[in-house]
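Trainee: If you scroll down you'll find the structure; I have some questions about it.
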Amino acid sequence: MTDKLLRIIGEKYPLKALEPCEFSSLKVSGMKFTVLAYIAEGLGHVSVMSAKGFFGLMKMDTLIINPMYVDLPLYSYDRILAMGNDTLIVELYDTMLEKCDLTQLDRTKEKYSHLTDRDPGEHWYDNIKLPSSISKKERKNKAEELNSLASEHLRQYLCASAYAGCDADEKVKKANVYVNGLLTNGGPSTDVFKKALGYDKTKDLFKKVLFGTEK
């Protein structure tokens, strides 16, 4: 599915793959991770991380958009296939300098409201997570509908009315608040990486590869 999401991004913002790095292939807690990063011209930094493990019983995909040149929120897509369940999590974080209109994303959510909502729980970043975020959990036979929801939601995100040509440095600073919060406060995936790689390596992975807030 991340391949399709990358194609959707590339339709509007041409993607240029960045050079592979030391984090391109990782083995962490029984899972094998592959990591790729891109520059989306006119948009910002895009990364994809895929993981497989436990004899193929679990698969996880992540796609992150850190928009530096358009004043959109930070975008994070997660898809988890495990034990016959298909979980879709799309979270949008307020890294904006000004407000933008996300009405169409809310309409897309409503269109797929028949899909089962997942309780996301409470997290330290809830105060910057936007209502246009998605959290769904279904059996794997609903995969196509979840794919359609993710695709339409991303298209509406990319077409949202937002200021282009904004201050990239200020956008990076706003994104770094969230990334620093992840590193400080932790979370399920962050803690796994910190335990396996240590804080400094995890910081490099997050800032230099996944979110692109440092070079």
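Letters A, B, ... go to the chains of the structure tokens in the order shown; residues in each chain start at 1; ligands are counted from 1 in the same order.
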As a PyMOL selection string, please: every residue in segment 99-153 of chain A that DSSP puts in strand (DSSP E or B).
Mentor: chain A and resi 101+117+129+134-139
Trainee: Just how far from atom CA of Val177 of chain A is atom CA of Met60 of chain A, in Å to one decimal?
Mentor: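 Computed distance, atom CA of Met60 of chain A to atom CA of Val177 of chain A, equals 25.2 Å.
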Trainee: Which polymer residues have any atom within 9 Å of an atom of segment 102-110 of chain A, counting only C-alpha atoms, with same-chain residues fewer than 5 positions away left out, as a VMD selection string?
Mentor: chain A and resid 131 to 134 149 152 to 157 159 to 161
Trainee: I need the residues from that last selection saved to file as a PDB file, in the first residue's frame (with C-alpha atoms), if you can.
Mentor:
```pdb
ATOM      1  CA  PRO A 131      -9.339  15.719  14.478  1.00  0.00           C
ATOM      2  CA  SER A 132      -8.866  14.761  10.816  1.00  0.00           C
ATOM      3  CA  SER A 133      -6.728  11.817  11.956  1.00  0.00           C
ATOM      4  CA  ILE A 134      -7.926   8.216  11.430  1.00  0.00           C
ATOM      5  CA  LEU A 149      -9.918   5.298   2.806  1.00  0.00           C
ATOM      6  CA  GLU A 152      -8.692   9.242  -0.590  1.00  0.00           C
ATOM      7  CA  HIS A 153      -7.620  10.755   2.719  1.00  0.00           C
ATOM      8  CA  LEU A 154      -4.064  11.291   1.420  1.00  0.00           C
ATOM      9  CA  ARG A 155      -5.315  12.876  -1.811  1.00  0.00           C
ATOM     10  CA  GLN A 156      -7.458  15.308   0.174  1.00  0.00           C
ATOM     11  CA  TYR A 157      -4.517  16.063   2.464  1.00  0.00           C
ATOM     12  CA  CYS A 159      -5.036  19.097  -2.026  1.00  0.00           C
ATOM     13  CA  ALA A 160      -5.909  20.920   1.208  1.00  0.00           C
ATOM     14  CA  SER A 161      -5.869  24.684   1.001  1.00  0.00           C
TER      15      SER A 161
END
```
Trainee: Would you kindly return, as a PyMOL selection string, each protein, DNA or RNA residue with an atom no farther than 10 Å from any atom of segment 198-204 of chain A, considering only C-alpha atoms and excluding same-chain residues fewer than 6 positions away?
Mentor: chain A and resi 23+179-180+182-184+190-192+210-215
Trainee: Go ahead and compute the interatomic distance for atom CA of Val46 of chain A and atom CA of Leu63 of chain A, in Å to one decimal.
Mentor: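 Straight-line distance from atom CA of Val46 of chain A to atom CA of Leu63 of chain A works out to 7.2 Å.
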